[in-house]
>>> print(open('coords12.txt').read())   # compact mmCIF, C-alpha atoms and all ligand atoms
# COMPACT_ATOMS: atom_id res chain seq x y z
CA MET A 665 94.38 84.38 102.95
CA GLN A 666 95.08 81.45 100.71
CA VAL A 667 96.07 81.93 97.08
CA HIS A 668 93.42 80.29 94.90
CA SER A 669 94.77 81.15 91.46
CA ILE A 670 96.89 83.61 89.52
CA HIS A 671 95.74 85.01 86.21
CA GLN A 672 97.85 86.97 83.74
CA GLU A 673 95.97 90.08 82.62
CA THR A 674 98.54 91.76 80.36
CA PRO A 675 102.21 91.16 79.54
CA ASP A 676 103.23 92.61 82.93
CA VAL A 677 100.15 92.49 85.19
CA TRP A 678 98.81 89.51 87.11
CA THR A 679 95.66 89.16 89.25
CA ILE A 680 96.02 87.05 92.38
CA SER A 681 92.75 85.57 93.67
CA LEU A 682 92.63 84.88 97.40
CA ILE A 683 90.33 82.81 99.54
CA CYS A 684 89.39 84.53 102.77
CA HIS A 685 87.86 82.17 105.29
CA ASP A 686 86.58 85.01 107.50
CA PHE A 687 84.45 87.98 106.58
CA TYR A 688 86.75 90.63 105.13
CA ARG A 689 85.29 94.10 105.32
CA TYR A 690 86.29 96.60 102.64
CA HIS A 691 84.91 99.33 100.46
CA PRO A 692 85.32 99.33 96.67
CA GLY A 693 88.53 101.15 95.76
CA GLN A 694 90.35 100.53 99.05
CA TYR A 695 93.74 98.88 99.36
CA ALA A 696 95.46 96.48 101.73
CA LEU A 697 99.05 96.06 102.84
CA VAL A 698 100.51 92.73 101.78
CA SER A 699 103.37 91.09 103.64
CA ILE A 700 106.13 90.17 101.21
CA ARG A 701 107.77 86.81 101.96
CA ASP A 702 105.88 86.80 105.29
CA SER A 703 108.10 89.60 106.53
CA GLU A 704 106.63 92.09 108.98
CA GLU A 705 109.20 94.58 107.75
CA THR A 706 108.35 94.34 104.07
CA LEU A 707 104.84 95.49 103.39
CA ARG A 708 103.47 96.70 100.08
CA ALA A 709 100.16 98.45 99.41
CA TYR A 710 97.96 97.02 96.65
CA THR A 711 94.44 97.99 95.68
CA LEU A 712 91.82 95.32 96.13
CA SER A 713 90.66 94.93 92.56
CA SER A 714 87.68 92.81 93.62
CA SER A 715 84.40 94.39 94.79
CA PRO A 716 82.75 93.66 98.15
CA GLY A 717 79.75 91.38 97.82
CA GLN A 718 80.37 90.96 94.09
CA SER A 719 83.52 88.97 93.70
CA LYS A 720 84.01 85.33 94.57
CA PHE A 721 87.57 85.99 95.71
CA ILE A 722 89.51 88.88 97.22
CA THR A 723 91.82 89.93 94.39
CA ILE A 724 94.86 92.14 93.99
CA SER A 725 96.21 93.00 90.55
CA VAL A 726 99.92 93.65 90.47
CA ARG A 727 102.24 95.07 87.83
CA CYS A 728 105.58 93.27 87.88
CA LEU A 729 108.26 95.95 88.11
CA PRO A 730 111.79 94.81 87.17
CA ASP A 731 113.25 96.18 90.42
CA GLY A 732 110.16 95.66 92.54
CA GLU A 733 110.85 93.17 95.30
CA GLY A 734 107.18 92.86 96.24
CA SER A 735 105.72 92.78 92.77
CA ARG A 736 108.28 90.26 91.47
CA TRP A 737 107.59 87.92 94.38
CA LEU A 738 103.81 88.18 94.08
CA THR A 739 103.70 87.70 90.32
CA GLN A 740 106.59 85.28 89.71
CA GLU A 741 107.04 83.20 92.84
CA VAL A 742 103.79 82.98 94.77
CA HIS A 743 101.78 79.89 93.87
CA PRO A 744 98.24 78.55 94.47
CA GLY A 745 97.77 77.12 97.95
CA GLN A 746 100.27 79.52 99.53
CA GLN A 747 99.14 81.77 102.40
CA LEU A 748 99.45 85.56 102.16
CA TRP A 749 99.00 88.06 104.98
CA LEU A 750 96.85 91.07 104.18
CA SER A 751 96.12 93.98 106.51
CA ASP A 752 92.63 95.30 107.08
CA ALA A 753 91.44 97.31 104.11
CA GLN A 754 92.34 100.98 104.23
CA GLY A 755 92.36 104.16 102.20
CA GLU A 756 90.02 107.02 101.52
CA PHE A 757 89.77 106.58 97.75
CA THR A 758 86.39 104.89 97.53
CA CYS A 759 83.02 105.79 96.09
CA ALA A 760 81.68 105.14 99.58
CA ASN A 761 83.30 108.49 100.49
CA ALA A 762 82.10 110.20 97.32
CA PRO A 763 78.38 109.62 96.93
CA ALA A 764 77.03 110.87 93.58
CA ASP A 765 74.63 109.89 90.85
CA ARG A 766 76.99 110.63 87.95
CA TYR A 767 80.64 109.62 87.99
CA LEU A 768 83.52 110.08 85.62
CA MET A 769 86.24 107.50 86.35
CA LEU A 770 89.62 108.31 84.79
CA ALA A 771 92.25 105.57 84.89
CA ALA A 772 95.68 105.03 83.41
CA GLY A 773 97.77 101.87 83.48
CA CYS A 774 97.60 99.90 86.72
CA GLY A 775 95.56 102.74 88.22
CA VAL A 776 92.53 101.00 86.79
CA THR A 777 92.37 98.58 89.74
CA PRO A 778 90.34 100.77 92.13
CA ILE A 779 88.35 102.10 89.17
CA MET A 780 87.27 98.57 88.23
CA SER A 781 86.46 97.75 91.85
CA MET A 782 84.21 100.82 92.18
CA THR A 783 82.65 100.58 88.72
CA ARG A 784 81.73 96.92 89.15
CA TRP A 785 80.24 97.67 92.55
CA LEU A 786 78.30 100.76 91.46
CA LEU A 787 76.77 99.04 88.42
CA ALA A 788 75.54 96.12 90.51
CA ASN A 789 74.39 98.03 93.57
CA ARG A 790 73.38 101.50 92.38
CA PRO A 791 71.39 100.98 89.15
CA GLU A 792 70.31 104.63 89.18
CA VAL A 793 73.91 105.80 88.90
CA HIS A 794 75.59 106.61 85.57
CA VAL A 795 79.26 105.73 85.33
CA GLN A 796 81.52 106.96 82.57
CA VAL A 797 84.99 105.41 82.41
CA ILE A 798 87.95 106.59 80.34
CA PHE A 799 90.85 104.15 80.53
CA ASN A 800 94.22 105.14 79.07
CA VAL A 801 96.79 102.51 78.16
CA ARG A 802 99.99 102.42 76.15
CA THR A 803 98.77 99.82 73.66
CA PRO A 804 95.61 97.67 73.40
CA ARG A 805 97.58 94.74 74.87
CA ASP A 806 97.86 96.70 78.13
CA VAL A 807 94.14 96.78 78.94
CA ILE A 808 93.82 95.19 82.37
CA PHE A 809 90.51 93.29 82.84
CA ALA A 810 89.89 93.51 79.06
CA ASN A 811 87.22 90.78 78.98
CA GLU A 812 85.41 92.05 82.03
CA TRP A 813 85.33 95.60 80.67
CA ARG A 814 83.81 94.24 77.47
CA ASP A 815 81.20 92.25 79.42
CA LEU A 816 80.25 95.17 81.66
CA ASP A 817 79.97 97.46 78.65
CA ALA A 818 77.61 95.01 76.95
CA SER A 819 75.54 94.36 80.08
CA TYR A 820 74.96 97.80 81.60
CA SER A 821 73.38 100.68 79.73
CA GLN A 822 74.38 103.06 82.55
CA LEU A 823 78.08 102.47 81.77
CA LYS A 824 79.87 104.44 79.08
CA LEU A 825 83.35 103.07 78.47
CA THR A 826 86.08 104.71 76.39
CA LEU A 827 89.44 103.03 75.87
CA MET A 828 92.38 105.14 74.76
CA ALA A 829 95.71 103.76 73.52
CA GLU A 830 98.84 105.84 73.00
CA SER A 831 99.92 103.65 70.10
CA ASP A 832 98.78 100.70 67.95
CA ALA A 833 95.16 101.72 68.57
CA SER A 834 92.63 99.34 67.02
CA PRO A 835 89.18 100.60 65.89
CA GLU A 836 87.55 100.35 69.32
CA PHE A 837 90.22 102.66 70.85
CA LEU A 838 90.74 106.38 70.69
CA THR A 839 94.35 107.21 69.88
CA GLY A 840 96.64 109.29 72.08
CA ARG A 841 96.57 110.72 75.56
CA ILE A 842 93.63 112.41 77.22
CA THR A 843 93.21 116.07 76.28
CA ARG A 844 90.78 118.87 76.96
CA GLU A 845 89.22 118.32 73.53
CA THR A 846 88.75 114.60 74.19
CA LEU A 847 87.07 115.26 77.51
CA GLU A 848 84.80 117.96 76.08
CA GLN A 849 83.81 115.67 73.24
CA ILE A 850 83.16 112.41 75.06
CA CYS A 851 82.04 113.76 78.43
CA PRO A 852 80.23 117.05 77.72
CA ASP A 853 78.55 116.99 81.15
CA ILE A 854 81.84 116.58 83.06
CA ALA A 855 81.14 119.63 85.23
CA SER A 856 78.15 117.90 86.78
CA ARG A 857 80.00 114.67 87.51
CA THR A 858 82.04 113.47 90.45
CA VAL A 859 85.46 112.71 89.01
CA MET A 860 87.67 109.95 90.45
CA THR A 861 91.09 109.21 89.04
CA CYS A 862 93.96 106.84 89.59
CA GLY A 863 97.18 106.46 87.62
CA PRO A 864 100.75 107.75 87.46
CA ALA A 865 101.30 111.08 89.22
CA PRO A 866 101.85 113.16 86.04
CA TYR A 867 98.65 111.72 84.57
CA MET A 868 96.60 112.52 87.68
CA LYS A 869 98.06 116.01 87.84
CA ALA A 870 97.14 116.61 84.19
CA VAL A 871 93.59 115.27 84.42
CA LYS A 872 92.96 117.20 87.63
CA GLN A 873 93.85 120.43 85.87
CA LEU A 874 91.67 119.50 82.89
CA ALA A 875 88.73 118.62 85.13
CA LEU A 876 89.01 121.86 87.12
CA ASP A 877 89.36 123.88 83.90
CA LEU A 878 86.20 122.24 82.58
CA GLY A 879 84.20 123.27 85.62
CA VAL A 880 84.42 120.33 88.01
CA PRO A 881 84.25 121.76 91.54
CA ALA A 882 87.43 120.89 93.47
CA GLN A 883 85.37 119.12 96.14
CA ASN A 884 84.00 116.73 93.48
CA PHE A 885 87.47 115.63 92.37
CA TYR A 886 89.09 112.61 94.05
CA GLN A 887 92.40 110.95 93.33
CA GLU A 888 94.30 107.96 94.67
CA GLN A 889 97.70 108.77 96.11
CA PHE A 890 99.86 105.75 96.71
CA GLN A 891 99.84 104.37 93.17
CA VAL A 892 102.57 106.82 92.21
CA VAL A 893 104.98 104.65 94.16
CA ALA A 894 104.34 101.58 92.12
CA ASP A 895 103.56 102.73 88.65
CA ASN A 896 106.31 103.35 86.15
CA ASP A 897 104.29 105.20 83.55
CA ALA A 898 106.01 108.52 84.32
CA ASP A 899 106.40 110.86 81.41
CA GLY A 900 110.21 110.92 81.41
CA ALA A 901 110.82 114.38 82.95
CA THR A 902 113.47 114.28 85.67
CA LEU A 903 114.47 116.41 88.63
CA LYS A 904 117.57 116.67 90.80
CA LEU A 905 117.59 115.12 94.25
CA THR A 906 120.51 116.54 96.26
CA THR A 907 121.68 115.19 99.59
CA ASN A 908 123.18 117.80 101.89
CA THR A 909 125.51 115.54 103.86
CA PRO A 910 127.39 114.27 101.96
CA LEU A 911 126.75 116.70 99.13
CA HIS A 912 125.75 114.64 96.15
CA THR A 913 123.20 114.97 93.35
CA TYR A 914 120.97 112.21 91.99
CA HIS A 915 118.12 112.17 89.49
CA ALA A 916 114.50 111.04 89.78
CA PRO A 917 111.31 111.30 87.72
CA VAL A 918 109.17 114.41 88.25
CA GLY A 919 106.08 113.35 90.17
CA ALA A 920 107.78 110.37 91.85
CA THR A 921 107.50 109.98 95.57
CA LEU A 922 110.56 110.83 97.64
CA LEU A 923 110.65 107.19 98.73
CA PHE A 924 110.76 105.99 95.13
CA ALA A 925 113.48 108.53 94.30
CA MET A 926 115.62 107.49 97.27
CA GLU A 927 115.21 103.76 96.70
CA GLN A 928 115.90 104.14 92.99
CA ASN A 929 119.17 105.89 93.86
CA LYS A 930 120.01 103.37 96.59
CA LEU A 931 119.92 106.00 99.35
CA PRO A 932 119.31 104.55 102.81
CA ILE A 933 115.68 104.72 103.94
CA GLN A 934 113.32 102.54 105.96
CA ALA A 935 109.80 101.90 104.65
CA ALA A 936 107.21 99.50 106.04
CA CYS A 937 103.66 100.49 105.15
CA ARG A 938 104.47 102.70 102.12
CA ALA A 939 101.13 104.34 102.69
CA GLY A 940 101.79 107.20 105.10
CA VAL A 941 100.73 105.28 108.19
CA CYS A 942 103.70 103.84 110.09
CA GLY A 943 105.95 106.91 110.05
CA CYS A 944 109.22 105.06 109.55
CA CYS A 945 110.16 106.85 106.29
CA LYS A 946 110.36 110.29 107.95
CA THR A 947 112.81 112.47 106.02
CA ARG A 948 113.65 116.18 106.07
CA ILE A 949 113.48 118.28 102.90
CA LEU A 950 115.54 121.48 103.09
CA SER A 951 114.29 123.08 99.87
CA GLY A 952 112.18 122.34 96.82
CA ASP A 953 108.57 122.04 95.74
CA TYR A 954 106.62 118.99 96.90
CA THR A 955 103.13 117.92 97.89
CA THR A 956 102.18 115.50 100.62
CA SER A 957 99.28 113.09 100.84
CA SER A 958 99.86 112.04 104.45
CA THR A 959 101.53 113.70 107.41
CA MET A 960 99.76 111.41 109.83
CA THR A 961 102.65 110.73 112.21
CA LEU A 962 104.31 114.17 112.04
CA THR A 963 103.91 117.00 114.53
CA PRO A 964 103.15 120.56 113.33
CA ASP A 965 106.70 121.52 114.36
CA GLU A 966 108.23 118.75 112.27
CA ILE A 967 106.10 119.73 109.27
CA ALA A 968 107.23 123.34 109.65
CA GLN A 969 110.86 122.15 109.65
CA GLY A 970 110.33 120.33 106.34
CA TYR A 971 109.89 116.80 107.62
CA VAL A 972 107.79 114.59 105.34
CA LEU A 973 106.81 110.96 105.05
CA ALA A 974 108.86 110.00 102.01
CA CYS A 975 106.29 107.46 100.82
CA SER A 976 103.61 110.14 100.81
CA CYS A 977 105.61 113.01 99.40
CA GLN A 978 105.42 113.76 95.70
CA LEU A 979 108.33 115.70 94.23
CA ASN A 980 107.44 118.53 91.86
CA SER A 981 110.86 120.19 91.44
CA ASP A 982 114.55 119.80 92.31
CA VAL A 983 114.85 119.15 96.04
CA VAL A 984 117.57 119.13 98.66
CA ILE A 985 117.25 116.68 101.55
CA ALA A 986 119.10 116.77 104.86
S1 LIG B 1 106.59 103.81 104.92
FE1 LIG B 1 105.09 104.01 106.46
S2 LIG B 1 104.74 106.15 106.53
FE2 LIG B 1 106.09 105.90 104.88
>>> encode(input="coords12.txt", output="structure tokens", more="lines below")
Ligand code: FES
Amino acid sequence: MQVHSIHQETPDVWTISLICHDFYRYHPGQYALVSIRDSEETLRAYTLSSSPGQSKFITISVRCLPDGEGSRWLTQEVHPGQQLWLSDAQGEFTCANAPADRYLMLAAGCGVTPIMSMTRWLLANRPEVHVQVIFNVRTPRDVIFANEWRDLDASYSQLKLTLMAESDASPEFLTGRITRETLEQICPDIASRTVMTCGPAPYMKAVKQLALDLGVPAQNFYQEQFQVVADNDADGATLKLTTNTPLHTYHAPVGATLLFAMEQNKLPIQAACRAGVCGCCKTRILSGDYTTSSTMTLTPDEIAQGYVLACSCQLNSDVVIA
């Protein structure tokens, strides 16, 4: 695809608009792998923030992370006219897999990209559907797609939008982080809604618990998985990552993926797709509490021995790896 333009959304997020000369099939909320510097070895997963049939361009919206090779290249070096390679669209986090007539979309930080893609699509294509969106940001300056959210809110009566800022909240924002009281107050019918969420791992873990506590059936709760790799909104809690040979202890944020933790500590690991597909980040965990979102390339024996795909393994406690 050819880069048409690059638009700065917030101080650290840019949207890259791409011209696709062929038909590109995707569902709202899905992501694509992007080749960084045209390297087959360096692929990064980004949500398609555009909506099929709605958007003039295919877009990805990328937060520039200080140590992020892919995000720095895409946001600081790529220029209009340049060609980018994108994979076919993939991922299960899409409203196409979660049909409902009432949604609650919960987003935090850069996790708003699939939420915008799905909300835009639902409002235009499913006028009978009610969509409630609660978008959490650090400050009002961090609202990605601020103008479009305002326009959608003004144009569609079946959208209810709530913006929440942790600090510097202006009058149109609620202040603070999402709580049980907030949810009960602004979404009293949450139990009858299909809930979809995307954001940093600690955020998604917290809102999942809140949603389940407020009566949302587990089968009506959906969350994106891979964003935890890229988002740096973690809440500051850390865990110990110990390597067995040689014996050495490192630190990583609770809720980070094993891949993020290893890369952050400069431990050797291969990663291509970063989405639990290629299998090249296979690593063995000897002890600790973790959850996995993909074991696609692993055998039952390997899983029983503690092998995980590091990109798809979220760390919940101190862990020891082989
Ligand atoms: S990097 Fe491909 S499965 Fe983890």
>>> residues_near_ligand(input="coords12.txt", ligand="ligand LIG 1 (chain B)", cutoff="6 Å", atoms="only C-alpha atoms and all ligand atoms", output="list in words")
Ala935, Ala936, Cys937, Arg938, Ala939, Gly940, Val941, Cys942, Gly943, Cys944, Cys945, Leu973, Ala974 and Cys975 of chain A
>>> atom_distance(input="coords12.txt", atom1="atom CA of A:Leu768", atom2="atom CA of A:Ile798")
7.7 Å
>>> closest_residue(input="coords12.txt", among="A:Asp731, A:Pro881, A:Asp832, A:Glu845", to="A:Lys930", atoms="only C-alpha atoms")
A:Asp731
>>> closest_residue(input="coords12.txt", among="A:Leu979, A:Val984, A:Ile700, A:Ala771", to="A:Ser951", atoms="all atoms listed in the file")
A:Val984
>>> residues_around(input="coords12.txt", residues="A:Ser715", least_positions_apart="3", cutoff="12 Å", atoms="all atoms listed in the file", output="ChimeraX atom specification")
/A:688-695,711-712,718-724,758-759,777-789
>>> residues_around(input="coords12.txt", residues="A:Gly840", least_positions_apart="6", cutoff="12 Å", atoms="all atoms listed in the file", output="MDAnalysis selection string")
chainID A and resid 799:804 827:834 846
>>> atom_distance(input="coords12.txt", atom1="atom CA of A:Gly745", atom2="atom CA of A:Val807")
27.6 Å
